[in-house]
>>> print(open('upload.cif').read())   # mmCIF, C-alpha atoms
data_coords
loop_
_atom_site.label_atom_id
_atom_site.label_comp_id
_atom_site.auth_asym_id
_atom_site.auth_seq_id
_atom_site.Cartn_x
_atom_site.Cartn_y
_atom_site.Cartn_z
CA ALA A 23 134.49 -220.65 9.99
CA GLN A 24 133.59 -218.83 13.16
CA SER A 25 132.32 -215.27 13.16
CA VAL A 26 130.92 -212.62 15.44
CA ALA A 27 128.49 -209.86 14.53
CA GLN A 28 127.90 -206.68 16.46
CA PRO A 29 125.03 -205.11 14.54
CA GLU A 30 125.32 -201.63 16.02
CA ASP A 31 128.31 -199.42 15.29
CA GLN A 32 127.27 -197.08 18.08
CA VAL A 33 124.91 -197.12 21.01
CA ASN A 34 123.84 -193.90 22.70
CA VAL A 35 122.32 -193.99 26.17
CA ALA A 36 121.60 -191.50 28.91
CA GLU A 37 123.43 -191.89 32.20
CA GLY A 38 121.43 -193.99 34.60
CA ASN A 39 119.54 -195.81 31.86
CA PRO A 40 120.04 -199.49 31.00
CA LEU A 41 122.75 -200.29 28.50
CA THR A 42 122.65 -203.19 26.04
CA VAL A 43 125.29 -204.04 23.47
CA LYS A 44 124.29 -206.78 21.04
CA CYS A 45 126.37 -209.70 19.84
CA THR A 46 125.55 -212.75 17.77
CA TYR A 47 127.96 -215.51 16.84
CA SER A 48 128.46 -218.41 14.50
CA VAL A 49 130.70 -221.30 15.48
CA SER A 50 130.91 -225.06 15.13
CA GLY A 51 130.30 -226.86 18.38
CA ASN A 52 130.06 -225.20 21.75
CA PRO A 53 131.09 -221.56 21.80
CA TYR A 54 133.31 -219.84 24.29
CA LEU A 55 132.24 -216.19 24.39
CA PHE A 56 133.91 -213.05 25.72
CA TRP A 57 133.45 -209.34 26.08
CA TYR A 58 136.31 -206.85 26.09
CA VAL A 59 136.27 -203.08 26.50
CA GLN A 60 138.72 -200.59 25.04
CA TYR A 61 139.06 -197.05 26.33
CA PRO A 62 140.60 -194.41 24.04
CA ASN A 63 144.29 -195.00 23.33
CA ARG A 64 144.37 -198.05 25.59
CA GLY A 65 144.60 -201.79 25.20
CA LEU A 66 141.63 -204.08 25.60
CA GLN A 67 140.38 -205.08 29.03
CA PHE A 68 138.59 -208.35 29.73
CA LEU A 69 135.05 -207.90 31.06
CA LEU A 70 133.52 -211.36 31.24
CA LYS A 71 133.29 -214.76 29.62
CA TYR A 72 130.90 -217.64 29.09
CA ILE A 73 132.38 -221.12 29.01
CA THR A 74 129.67 -223.35 30.40
CA GLY A 75 127.05 -223.39 33.12
CA ASP A 76 124.71 -220.55 34.05
CA ASN A 77 123.58 -218.59 31.02
CA LEU A 78 123.80 -215.31 32.92
CA VAL A 79 127.39 -214.28 33.43
CA LYS A 80 128.45 -211.45 35.71
CA GLY A 81 131.64 -209.54 35.07
CA SER A 82 133.63 -206.47 35.93
CA TYR A 83 132.26 -202.95 36.51
CA GLY A 84 128.66 -204.13 36.95
CA PHE A 85 128.37 -205.66 33.49
CA GLU A 86 126.63 -208.93 32.75
CA ALA A 87 125.86 -210.93 29.66
CA GLU A 88 123.30 -213.55 28.79
CA PHE A 89 124.13 -216.54 26.65
CA ASN A 90 121.21 -217.60 24.46
CA LYS A 91 122.00 -220.74 22.52
CA SER A 92 118.83 -220.80 20.45
CA GLN A 93 119.38 -217.25 19.26
CA THR A 94 123.18 -217.62 19.14
CA SER A 95 123.49 -214.38 21.04
CA PHE A 96 125.59 -213.06 23.90
CA HIS A 97 124.35 -209.54 24.62
CA LEU A 98 126.17 -207.35 27.11
CA LYS A 99 124.08 -205.46 29.65
CA LYS A 100 124.41 -202.99 32.46
CA PRO A 101 121.37 -201.91 34.49
CA SER A 102 122.49 -198.31 34.97
CA ALA A 103 125.08 -196.81 32.64
CA LEU A 104 127.76 -194.36 33.74
CA VAL A 105 129.46 -191.68 31.66
CA SER A 106 132.70 -193.55 32.35
CA ASP A 107 131.29 -196.58 30.48
CA SER A 108 131.77 -194.69 27.23
CA ALA A 109 134.20 -196.85 25.28
CA LEU A 110 134.55 -199.36 22.46
CA TYR A 111 133.18 -202.82 23.25
CA PHE A 112 134.22 -206.01 21.50
CA CYS A 113 132.49 -209.36 21.58
CA ALA A 114 134.68 -212.37 20.80
CA VAL A 115 134.26 -216.10 20.28
CA ILE A 116 136.40 -219.19 20.25
CA GLY A 117 135.37 -222.40 18.60
CA LYS A 118 137.58 -225.42 18.86
CA ALA A 119 137.23 -226.10 15.17
CA ALA A 120 139.14 -222.87 14.53
CA GLY A 121 142.16 -223.99 16.49
CA ASN A 122 141.29 -222.11 19.65
CA LYS A 123 141.80 -218.76 17.94
CA LEU A 124 139.84 -215.81 19.25
CA THR A 125 137.66 -214.02 16.69
CA PHE A 126 136.52 -210.49 17.48
CA GLY A 127 133.39 -208.74 16.36
CA GLY A 128 133.64 -205.36 14.67
CA GLY A 129 133.12 -203.44 17.88
CA THR A 130 130.37 -201.17 19.20
CA ARG A 131 131.06 -197.67 20.40
CA VAL A 132 129.06 -196.79 23.50
CA LEU A 133 128.40 -193.15 24.29
CA VAL A 134 126.81 -192.43 27.65
CA LYS A 135 125.54 -188.88 27.92
CA PRO A 136 125.15 -187.06 31.25
CA ASP B 6 151.58 -207.79 39.13
CA THR B 7 148.90 -208.15 36.47
CA GLU B 8 150.38 -205.94 33.80
CA VAL B 9 151.56 -206.37 30.28
CA THR B 10 154.06 -203.63 29.53
CA GLN B 11 154.78 -202.45 26.00
CA THR B 12 157.51 -200.12 24.83
CA PRO B 13 157.71 -197.74 23.15
CA LYS B 14 154.23 -196.22 23.41
CA HIS B 15 154.78 -194.30 20.19
CA LEU B 16 157.13 -194.97 17.31
CA VAL B 17 157.67 -193.08 14.09
CA MET B 18 159.85 -194.71 11.48
CA GLY B 19 160.78 -194.40 7.86
CA MET B 20 160.31 -197.16 5.36
CA THR B 21 164.01 -198.06 5.43
CA ASN B 22 164.39 -198.12 9.20
CA LYS B 23 164.76 -201.12 11.48
CA LYS B 24 163.06 -200.89 14.83
CA SER B 25 161.62 -203.20 17.48
CA LEU B 26 158.57 -203.28 19.69
CA LYS B 27 158.93 -204.88 23.10
CA CYS B 28 156.47 -206.56 25.42
CA GLU B 29 156.95 -207.92 28.93
CA GLN B 30 154.70 -209.76 31.35
CA HIS B 31 155.42 -211.17 34.80
CA MET B 32 152.23 -213.11 35.39
CA GLY B 33 153.77 -216.47 34.56
CA HIS B 34 151.69 -216.72 31.42
CA ARG B 35 152.97 -219.19 28.84
CA ALA B 36 151.24 -217.82 25.76
CA MET B 37 151.94 -214.42 24.23
CA TYR B 38 150.40 -212.69 21.24
CA TRP B 39 150.88 -209.85 18.82
CA TYR B 40 147.80 -208.11 17.43
CA LYS B 41 147.50 -205.27 14.94
CA GLN B 42 144.66 -202.82 15.32
CA LYS B 43 143.61 -200.15 12.87
CA ALA B 44 141.49 -197.23 14.06
CA LYS B 45 137.95 -198.21 15.06
CA LYS B 46 138.54 -201.81 13.97
CA PRO B 47 138.91 -205.02 15.96
CA PRO B 48 142.37 -206.38 16.70
CA GLU B 49 143.79 -208.75 14.08
CA LEU B 50 145.90 -211.64 15.26
CA MET B 51 149.45 -211.67 13.90
CA PHE B 52 151.46 -214.19 15.93
CA VAL B 53 151.06 -216.53 18.87
CA TYR B 54 153.86 -217.95 20.98
CA SER B 55 153.25 -220.85 23.28
CA TYR B 56 156.00 -221.92 25.67
CA GLU B 57 158.37 -219.64 23.76
CA LYS B 58 157.70 -221.37 20.45
CA LEU B 59 155.86 -219.81 17.54
CA SER B 60 152.57 -221.65 17.23
CA ILE B 61 150.54 -219.36 14.98
CA ASN B 62 151.64 -217.04 12.19
CA GLU B 63 148.64 -215.50 10.49
CA SER B 64 150.39 -215.11 7.13
CA VAL B 65 152.04 -211.92 8.24
CA PRO B 66 154.54 -210.33 5.79
CA SER B 67 158.16 -211.08 6.53
CA ARG B 68 158.88 -207.43 7.23
CA PHE B 69 157.40 -208.27 10.66
CA SER B 70 159.60 -210.69 12.57
CA PRO B 71 158.57 -211.90 16.04
CA GLU B 72 160.93 -213.15 18.70
CA CYS B 73 160.34 -214.67 22.11
CA PRO B 74 163.64 -214.64 24.03
CA ASN B 75 162.08 -216.08 27.19
CA SER B 76 158.70 -216.72 28.76
CA SER B 77 158.34 -213.11 29.91
CA LEU B 78 159.45 -211.23 26.82
CA LEU B 79 158.09 -210.84 23.33
CA ASN B 80 159.59 -208.68 20.60
CA LEU B 81 158.37 -207.61 17.20
CA HIS B 82 161.16 -206.61 14.83
CA LEU B 83 160.19 -204.21 12.08
CA HIS B 84 162.02 -203.66 8.82
CA ALA B 85 161.13 -202.06 5.52
CA LEU B 86 157.60 -201.28 6.59
CA GLN B 87 154.97 -199.59 4.46
CA PRO B 88 152.76 -196.64 5.39
CA GLU B 89 149.78 -198.99 5.53
CA ASP B 90 151.49 -200.79 8.42
CA SER B 91 150.78 -197.77 10.59
CA ALA B 92 148.55 -199.03 13.40
CA LEU B 93 148.33 -199.79 17.09
CA TYR B 94 150.28 -202.95 17.88
CA LEU B 95 148.97 -204.78 20.89
CA CYS B 96 150.73 -207.43 22.89
CA ALA B 97 148.72 -209.84 25.00
CA SER B 98 149.32 -212.83 27.20
CA SER B 99 147.27 -215.70 28.56
CA GLN B 100 147.75 -218.49 31.04
CA GLY B 101 147.82 -221.17 28.39
CA LEU B 102 146.89 -221.73 24.79
CA PHE B 103 143.22 -221.33 25.62
CA PRO B 104 143.44 -217.68 24.86
CA GLY B 105 140.05 -216.26 25.72
CA GLU B 106 141.00 -214.36 28.80
CA LEU B 107 143.73 -212.27 27.29
CA PHE B 108 145.62 -209.62 29.20
CA PHE B 109 146.52 -206.77 26.87
CA GLY B 110 149.18 -204.14 27.05
CA GLU B 111 148.33 -200.56 26.18
CA GLY B 112 149.89 -200.89 22.77
CA SER B 113 152.58 -199.29 20.68
CA ARG B 114 151.29 -196.77 18.18
CA LEU B 115 153.37 -197.05 15.04
CA THR B 116 153.53 -194.47 12.29
CA VAL B 117 155.41 -195.31 9.10
CA LEU B 118 156.36 -192.34 6.97
#
>>> encode(input="upload.cif", output="structure tokens")
Amino acid sequence: AQSVAQPEDQVNVAEGNPLTVKCTYSVSGNPYLFWYVQYPNRGLQFLLKYITGDNLVKGSYGFEAEFNKSQTSFHLKKPSALVSDSALYFCAVIGKAAGNKLTFGGGTRVLVKP
Amino acid sequence: DTEVTQTPKHLVMGMTNKKSLKCEQHMGHRAMYWYKQKAKKPPELMFVYSYEKLSINESVPSRFSPECPNSSLLNLHLHALQPEDSALYLCASSQGLFPGELFFGEGSRLTVL
């Protein structure tokens, strides 16, 4: 079975500082990895994905993520956080063995303080 | 147009009521999804439609009944719900059955009294 772990329920960071949201996964075969963001009372918005190729993936709003196969991780990063980045972030994985179904991690709340 | 539109945004219903949630997309996507999300939890997949046919039903109770009248519309019919069914119901669509890049609506917040 495939699974995703986001070890931190909440991440606090000062505006202008680097932001990292951690994600590790477990899947049979090659993983397809995604990050979504959810603002309060809104649906999820796609940020970025890793399918194949370059391990460093760039996405929306200045976010990027690095795929590390040996550590089975896909951490989300932003060099300089904004107050408006405060939201709930979900990592997700698809493994073909699970019938192409998307599995979400538990979510990490990011709070960026001015 | 890159939107998934859900109506109503809020719905309050009693346990004996029958109501429906509606979802519409005009991106030409051929896969549509219903997710249920409880507060501060990840979305849970309920149903997947591919080319207007139900392809995944995640063992959802029969009091939830999905319908896909055409490639742009997705409904979720609700009947005899329980208070624990109160949640945010999210509709999503994707280009095909490789669902990773999902486009979500803003959700319908359901309260069952």
>>> interface_residues(input="upload.cif", of="chain A", to="chain B", cutoff="9 Å", atoms="all atoms listed in the file", output="list in words")
Tyr54, Leu55, Phe56, Asn63, Arg64, Gly65, Leu66, Gln67, Phe68, Leu70, Lys71, Leu110, Phe112, Ala114, Val115, Ile116, Asn122, Lys123, Leu124, Thr125, Phe126, Gly127, Gly128, Gly129 and Arg131 of chain A
>>> resolve_selection(input="upload.cif", expression="the PyMOL selection byres ((chain B and resi 23-38) around 6)", output="ChimeraX atom specification")
/B:9-12,22,39,52-56,77-84,96-102
>>> resolve_selection(input="upload.cif", expression="the PyMOL selection byres ((chain A and resi 103) around 8)", output="short mmCIF file (atom, residue, chain, number, x, y, z; two decimals) with C-alpha atoms, in the coordinates of the input")
data_model
loop_
_atom_site.label_atom_id
_atom_site.label_comp_id
_atom_site.auth_asym_id
_atom_site.auth_seq_id
_atom_site.Cartn_x
_atom_site.Cartn_y
_atom_site.Cartn_z
CA VAL A 35 122.32 -193.99 26.17
CA ALA A 36 121.60 -191.50 28.91
CA GLU A 37 123.43 -191.89 32.20
CA GLY A 38 121.43 -193.99 34.60
CA ASN A 39 119.54 -195.81 31.86
CA PRO A 40 120.04 -199.49 31.00
CA LEU A 41 122.75 -200.29 28.50
CA LYS A 100 124.41 -202.99 32.46
CA PRO A 101 121.37 -201.91 34.49
CA SER A 102 122.49 -198.31 34.97
CA LEU A 104 127.76 -194.36 33.74
CA VAL A 105 129.46 -191.68 31.66
CA ASP A 107 131.29 -196.58 30.48
CA VAL A 134 126.81 -192.43 27.65
#
>>> closest_residue(input="upload.cif", among="B:His15, B:Met51, B:Thr116, B:Tyr40", to="Gln87 in chain B", atoms="only C-alpha atoms")
B:Thr116
>>> resolve_selection(input="upload.cif", expression="the PyMOL selection byres ((chain A and resi 83) around 9)", output="short mmCIF file (atom, residue, chain, number, x, y, z; two decimals) with C-alpha atoms, in the coordinates of the input")
data_model
loop_
_atom_site.label_atom_id
_atom_site.label_comp_id
_atom_site.auth_asym_id
_atom_site.auth_seq_id
_atom_site.Cartn_x
_atom_site.Cartn_y
_atom_site.Cartn_z
CA LEU A 69 135.05 -207.90 31.06
CA GLY A 81 131.64 -209.54 35.07
CA SER A 82 133.63 -206.47 35.93
CA GLY A 84 128.66 -204.13 36.95
CA PHE A 85 128.37 -205.66 33.49
CA LYS A 100 124.41 -202.99 32.46
CA ASP A 107 131.29 -196.58 30.48
#
>>> closest_residue(input="upload.cif", among="A:Gln24, A:Lys44, A:Pro62, A:Glu30", to="Phe96 in chain A", atoms="only C-alpha atoms")
A:Lys44
>>> axis_aligned_box(input="upload.cif", around="range 90-98 of chain B", padding_each_side="8 Å", output="JSON")
{"center_x": 149.9, "center_y": -205.3, "center_z": 17.8, "size_x": 19.2, "size_y": 31.1, "size_z": 34.8}
>>> residues_around(input="upload.cif", residues="Ser92 in chain A", least_positions_apart="6", cutoff="12 Å", atoms="only C-alpha atoms", output="JSON, numbers by chain")
{"A": [46, 47, 48, 77]}
>>> atom_distance(input="upload.cif", atom1="CA of Val17 in chain B", atom2="CA of Ser67 in chain B")
19.5 Å
>>> closest_residue(input="upload.cif", among="A:Leu98, A:Ser50, A:Ala23, A:Gly117", to="Thr130 in chain A", atoms="only C-alpha atoms")
A:Leu98
>>> atom_distance(input="upload.cif", atom1="CA of Arg68 in chain B", atom2="CA of Ala85 in chain B")
6.1 Å
>>> atom_distance(input="upload.cif", atom1="CA of Asp90 in chain B", atom2="CA of Ser64 in chain B")
14.4 Å
